[in-house]
Amino acid sequence: MTQISAIRGPFLTFHADPFTTDPMDALHHEPDGLILIENGRITAAGPWDSLRDTIPTETPVDHYPDMLISAGMIDTHVHYPQLPVIASYGEQLLEWLEHYVFPAEARYADLTYARSVARQFLNELLRVGTTTAAVYCTVHPQSVDAFFEESERLNTCMIAGKVLMDRNAPENLRDTAQSGYDQSADLIARWHNRGRQLYAVTPRFAPTSTPEQLDLAGALLATKPDLFMQTHLLENRSEIAWVRELFPNRNSYLDVYDKAGLLRPRAILAHAVHAEEADFQRCHDTGCSIAHCPGSNQFLGSGSFPLFKALKSERRVPVGIGSDIGAGPSLSLLQVLSDAYKVAQGLQTNLHPAQGLWLATAGGSQSLGLQDRIGSIQPGLYADLCVFDPAATPLGRIRAQTAETLADCLFALTMLGDDRSIAATYVAGQRRHERKTT
Ligand code: GUN
Ligand code: ZN
């Protein structure tokens, strides 16, 4: 049976790239809009006045007159198993992994525990307006089943994978090159393209994989052109020195992944804080993307990712934005955009609020090669939406009164917003989150 529904209210979507066009010209603002949805997908989006007569009788219409409706946000780098150790004190990357993360990840051998955290994590994502994420599970295949089962229940479009780690990690968190390959192949057969679920081959980072494991990850990717790949790159200075020691025959950190055949479209490299010109050029040439994780980079003291260098027009690298929970201290991409703005300021650049929103929506979907499914409000795409309430918080309410332009309103929203600023979240046309109180 055809399911039809509609959402009315002001909406925002991008019809151009705000890094190559004037940011406010790239953004389309429909002050009183209508989004018509059939079987989870948008069939029409435009002014209420011109579309109201096309709404079939008895269609339910959810109305958000004082809000800003947007495509749901896309988190291109996050670890669901680290939710319980978010905001853990005092360490930089390698010590933080050892003290907090590895003990936390060991618990996911227990399927019941994995299911419980996966459920809380997805619930939290929807509460902050995120409808798609690229997610690391743990080395345990059951942590992946737990995550995809819950995502399938919600019908969210999620990218996830089993972490590959065959050295430099506690014994109870290690696989072998062969078992990692076999378990990943099995999970791919079970989950990749099942409903809206997508698989990412997930070597954690160069130090925790042998060259054999990385080569097998490359071999696995070669079996299917639409698989994702996700790993970490050039995050922290001690990590980089360690990679140099572990891979003396490689020309650079990125070259470790390159030689294993891991760089291609739909490969997502997280952080790249210390990337140089040659790294950006190679990312551009191979079509892989970078997940910018400014909250995490500040939290662990990793450094400042040069976003505008990555986006240099002659050899642009696709960039999305990532919360990187648990190193990132917030799952809210509004808060991550606030961090991104401050990091850009520190590098003497300005991240315009429309550019920020684009990174979290249409730009994120482009960086994942999913722009024909998600990231914009346009016919044919899934009705994955979030409803921003710029006046949700006491400060937001005060500030909204002085905001005279849409750009100013959007900027204040991305600087001051958090989970309270999300009035509702829709997944394939179904409302999966509705804020109870403000
Ligand atoms: N590098 C390798 N593993 C991790 C991780 O879990 N989080 C972050 N931020 N960096 C990593
Ligand atoms: Zn990470």
# chains A, B, ... in the order shown; residues from 1 in each chain; ligands from 1
call {"tool": "closest_atom_pairs", "arguments": {"of": "chain A", "to": "ligand 1", "cutoff": "8 Å", "atoms": "only C-alpha atoms and all ligand atoms", "output": "CSV"}}
result
residue,atom,partner,partner_atom_place_in_ligand_line,distance
A:His79,CA,ligand 1,6 (O),6.8
A:Gln82,CA,ligand 1,6 (O),7.8
A:Leu93,CA,ligand 1,10 (N),6.3
A:Leu94,CA,ligand 1,1 (N),7.7
A:Leu97,CA,ligand 1,6 (O),6.5
A:Val101,CA,ligand 1,6 (O),6.7
A:Arg204,CA,ligand 1,2 (C),5.5
A:Phe205,CA,ligand 1,2 (C),5.3
A:Thr231,CA,ligand 1,2 (C),7.7
A:His232,CA,ligand 1,1 (N),5.4
A:Leu233,CA,ligand 1,1 (N),7.7
A:Glu235,CA,ligand 1,10 (N),7.0
A:Ala270,CA,ligand 1,10 (N),8.0
A:His271,CA,ligand 1,9 (N),7.9
A:Ser296,CA,ligand 1,9 (N),6.4
A:Asn297,CA,ligand 1,9 (N),7.6
A:Leu300,CA,ligand 1,9 (N),7.8
A:Asp324,CA,ligand 1,9 (N),6.1
A:Ile325,CA,ligand 1,7 (N),7.7
A:Gly326,CA,ligand 1,7 (N),7.1
A:Ala327,CA,ligand 1,9 (N),5.1
A:Gly328,CA,ligand 1,9 (N),7.5
call {"tool": "residues_around", "arguments": {"residues": "Arg153 of chain A", "least_positions_apart": "6", "cutoff": "12 Å", "atoms": "only C-alpha atoms", "output": "ChimeraX atom specification"}}
result
/A:118-119,122-123,146-147,194-197,427,432
call {"tool": "write_last_selection", "arguments": {"atoms": "N, CA, C and O atoms", "output": "mmCIF file, in the first residue's frame"}}
result
data_model
loop_
_atom_site.group_PDB
_atom_site.id
_atom_site.type_symbol
_atom_site.label_atom_id
_atom_site.label_comp_id
_atom_site.auth_asym_id
_atom_site.auth_seq_id
_atom_site.Cartn_x
_atom_site.Cartn_y
_atom_site.Cartn_z
ATOM 1 N N ALA A 118 24.111 -0.103 21.068
ATOM 2 C CA ALA A 118 23.726 0.275 19.696
ATOM 3 C C ALA A 118 22.377 0.992 19.711
ATOM 4 O O ALA A 118 22.174 2.002 19.024
ATOM 5 N N ARG A 119 21.470 0.494 20.524
ATOM 6 C CA ARG A 119 20.131 1.095 20.605
ATOM 7 C C ARG A 119 20.212 2.510 21.185
ATOM 8 O O ARG A 119 19.629 3.450 20.639
ATOM 9 N N LEU A 122 21.933 4.912 18.529
ATOM 10 C CA LEU A 122 21.070 5.341 17.411
ATOM 11 C C LEU A 122 19.985 6.290 17.885
ATOM 12 O O LEU A 122 19.636 7.257 17.194
ATOM 13 N N ASN A 123 19.495 6.046 19.068
ATOM 14 C CA ASN A 123 18.502 6.932 19.648
ATOM 15 C C ASN A 123 19.092 8.337 19.861
ATOM 16 O O ASN A 123 18.468 9.355 19.539
ATOM 17 N N ALA A 146 24.764 -6.435 15.905
ATOM 18 C CA ALA A 146 23.935 -5.681 16.864
ATOM 19 C C ALA A 146 23.595 -4.301 16.303
ATOM 20 O O ALA A 146 22.447 -3.846 16.388
ATOM 21 N N PHE A 147 24.592 -3.669 15.714
ATOM 22 C CA PHE A 147 24.370 -2.310 15.197
ATOM 23 C C PHE A 147 23.435 -2.300 13.988
ATOM 24 O O PHE A 147 22.467 -1.537 13.934
ATOM 25 N N ARG A 194 21.667 -4.414 2.279
ATOM 26 C CA ARG A 194 20.411 -4.993 2.784
ATOM 27 C C ARG A 194 19.563 -3.821 3.288
ATOM 28 O O ARG A 194 19.944 -3.141 4.247
ATOM 29 N N GLY A 195 18.425 -3.555 2.656
ATOM 30 C CA GLY A 195 17.659 -2.349 2.975
ATOM 31 C C GLY A 195 18.560 -1.136 2.780
ATOM 32 O O GLY A 195 19.184 -0.975 1.745
ATOM 33 N N ARG A 196 18.691 -0.342 3.821
ATOM 34 C CA ARG A 196 19.484 0.881 3.720
ATOM 35 C C ARG A 196 20.873 0.731 4.368
ATOM 36 O O ARG A 196 21.571 1.724 4.575
ATOM 37 N N GLN A 197 21.263 -0.493 4.702
ATOM 38 C CA GLN A 197 22.534 -0.692 5.406
ATOM 39 C C GLN A 197 23.687 -0.861 4.412
ATOM 40 O O GLN A 197 23.542 -1.517 3.379
ATOM 41 N N VAL A 427 12.975 9.765 9.492
ATOM 42 C CA VAL A 427 13.764 8.772 8.763
ATOM 43 C C VAL A 427 12.860 8.147 7.712
ATOM 44 O O VAL A 427 11.836 7.544 8.058
ATOM 45 N N ARG A 432 10.891 9.736 13.819
ATOM 46 C CA ARG A 432 11.541 8.819 14.764
ATOM 47 C C ARG A 432 11.982 9.523 16.045
ATOM 48 O O ARG A 432 12.414 8.869 16.984
#
call {"tool": "select_by_dssp", "arguments": {"residues": "segment 197-324 of chain A", "states": "alpha helix (DSSP H)", "output": "ChimeraX atom specification"}}
result
/A:211-221,237-246,253-259,277-286,294-299,307-310
call {"tool": "closest_residue", "arguments": {"among": "A:Ser184, A:Ala134, A:Glu95, A:Gln213", "to": "Met165 of chain A", "atoms": "only C-alpha atoms"}}
result
A:Gln213
call {"tool": "closest_residue", "arguments": {"among": "A:Gly295, A:Gly218, A:Gly356, A:Pro60", "to": "ligand 2", "atoms": "only C-alpha atoms and all ligand atoms"}}
result
A:Gly295
call {"tool": "residues_around", "arguments": {"residues": "Tyr426 of chain A", "least_positions_apart": "6", "cutoff": "9 Å", "atoms": "only C-alpha atoms", "output": "MDAnalysis selection string"}}
result
chainID A and resid 72 126 129 131 383:387 432:433
call {"tool": "closest_residue", "arguments": {"among": "A:Ala6, A:Thr223, A:His15, A:Leu370", "to": "Thr54 of chain A", "atoms": "only C-alpha atoms"}}
result
A:Ala6
call {"tool": "select_by_dssp", "arguments": {"residues": "segment 66-156 of chain A", "states": "strand (DSSP E or B)", "output": "list in words"}}
result
Leu68, Ile69, Ser70, Ala71, Met73, Ile74, Asp75, Thr76, His77, Val78, His79, Thr130, Thr131, Thr132, Ala133, Ala134, Val135 and Tyr136 of chain A
call {"tool": "atom_distance", "arguments": {"atom1": "atom CA of Arg52 of chain A", "atom2": "atom CA of Met1 of chain A"}}
result
22.6 Å
call {"tool": "residues_around", "arguments": {"residues": "His352 of chain A", "least_positions_apart": "3", "cutoff": "9 Å", "atoms": "only C-alpha atoms", "output": "list in words"}}
result
Pro18, Pro23, Tyr341, Gln355, Gly356, Leu357, Ala407 and Phe411 of chain A
call {"tool": "closest_residue", "arguments": {"among": "A:His28, A:Arg264, A:Arg373, A:His292", "to": "ligand 2", "atoms": "only C-alpha atoms and all ligand atoms"}}
result
A:His292
call {"tool": "closest_residue", "arguments": {"among": "A:Asp339, A:Glu239, A:Asp166, A:Glu105", "to": "Ser209 of chain A", "atoms": "only C-alpha atoms"}}
result
A:Asp166
call {"tool": "residues_around", "arguments": {"residues": "Met73 of chain A", "least_positions_apart": "6", "cutoff": "10 Å", "atoms": "only C-alpha atoms", "output": "number ranges by chain"}}
result
A: 125-126, 128-133, 321, 332-334, 357-362, 364-365, 374-376, 384-386, 425
call {"tool": "residues_around", "arguments": {"residues": "Val319 of chain A", "least_positions_apart": "6", "cutoff": "12 Å", "atoms": "only C-alpha atoms", "output": "PyMOL selection string"}}
result
chain A and resi 19+74-77+266-272+280+283-284+287-293+305-312+355-356+358-369
call {"tool": "closest_residue", "arguments": {"among": "A:Ala278, A:Val144, A:Gln335, A:Gly303", "to": "Arg315 of chain A", "atoms": "only C-alpha atoms"}}
result
A:Ala278
call {"tool": "atom_distance", "arguments": {"atom1": "atom CA of Asp17 of chain A", "atom2": "atom CA of Ile35 of chain A"}}
result
21.9 Å
call {"tool": "residues_around", "arguments": {"residues": "Asn172 of chain A", "least_positions_apart": "4", "cutoff": "12 Å", "atoms": "only C-alpha atoms", "output": "list in words"}}
result
Phe102, Pro103, Ala104, Glu105, Ala106, Arg107, Tyr108, Ala109, Thr138, Val139, His140, Met165, Asp166, Arg167, Asn168 and Thr176 of chain A
call {"tool": "write_last_selection", "arguments": {"atoms": "N, CA and C atoms", "output": "compact mmCIF listing (two decimals), in the first residue's frame"}}
result
# COMPACT_ATOMS: atom_id res chain seq x y z
N PHE A 102 40.31 0.82 24.59
CA PHE A 102 40.43 -0.62 24.42
C PHE A 102 39.66 -1.38 25.51
N PRO A 103 39.78 -0.98 26.79
CA PRO A 103 38.94 -1.69 27.79
C PRO A 103 37.45 -1.57 27.49
N ALA A 104 37.01 -0.40 27.02
CA ALA A 104 35.58 -0.24 26.71
C ALA A 104 35.17 -1.13 25.55
N GLU A 105 36.03 -1.25 24.53
CA GLU A 105 35.67 -2.03 23.35
C GLU A 105 35.67 -3.54 23.64
N ALA A 106 36.43 -3.96 24.65
CA ALA A 106 36.47 -5.40 24.98
C ALA A 106 35.09 -5.92 25.40
N ARG A 107 34.23 -5.05 25.88
CA ARG A 107 32.92 -5.50 26.39
C ARG A 107 31.97 -5.96 25.27
N TYR A 108 32.33 -5.64 23.99
CA TYR A 108 31.39 -5.93 22.89
C TYR A 108 31.48 -7.37 22.39
N ALA A 109 32.28 -8.19 23.10
CA ALA A 109 32.20 -9.62 22.84
C ALA A 109 30.81 -10.12 23.25
N THR A 138 33.32 -2.77 16.79
CA THR A 138 34.58 -3.23 17.39
C THR A 138 35.10 -4.40 16.55
N VAL A 139 36.13 -5.05 17.06
CA VAL A 139 36.73 -6.17 16.34
C VAL A 139 35.77 -7.39 16.32
N HIS A 140 34.76 -7.38 17.20
CA HIS A 140 33.84 -8.51 17.32
C HIS A 140 32.75 -8.43 16.24
N MET A 165 42.09 -5.40 13.37
CA MET A 165 43.18 -5.05 14.28
C MET A 165 43.94 -6.33 14.61
N ASP A 166 45.11 -6.55 13.99
CA ASP A 166 45.81 -7.80 14.25
C ASP A 166 47.18 -7.62 14.92
N ARG A 167 47.43 -6.40 15.43
CA ARG A 167 48.65 -6.20 16.24
C ARG A 167 48.52 -4.91 17.05
N ASN A 168 49.43 -4.76 18.01
CA ASN A 168 49.50 -3.54 18.84
C ASN A 168 48.17 -3.20 19.51
N THR A 176 43.12 -11.90 13.22
CA THR A 176 44.31 -12.15 12.40
C THR A 176 43.98 -11.63 11.01
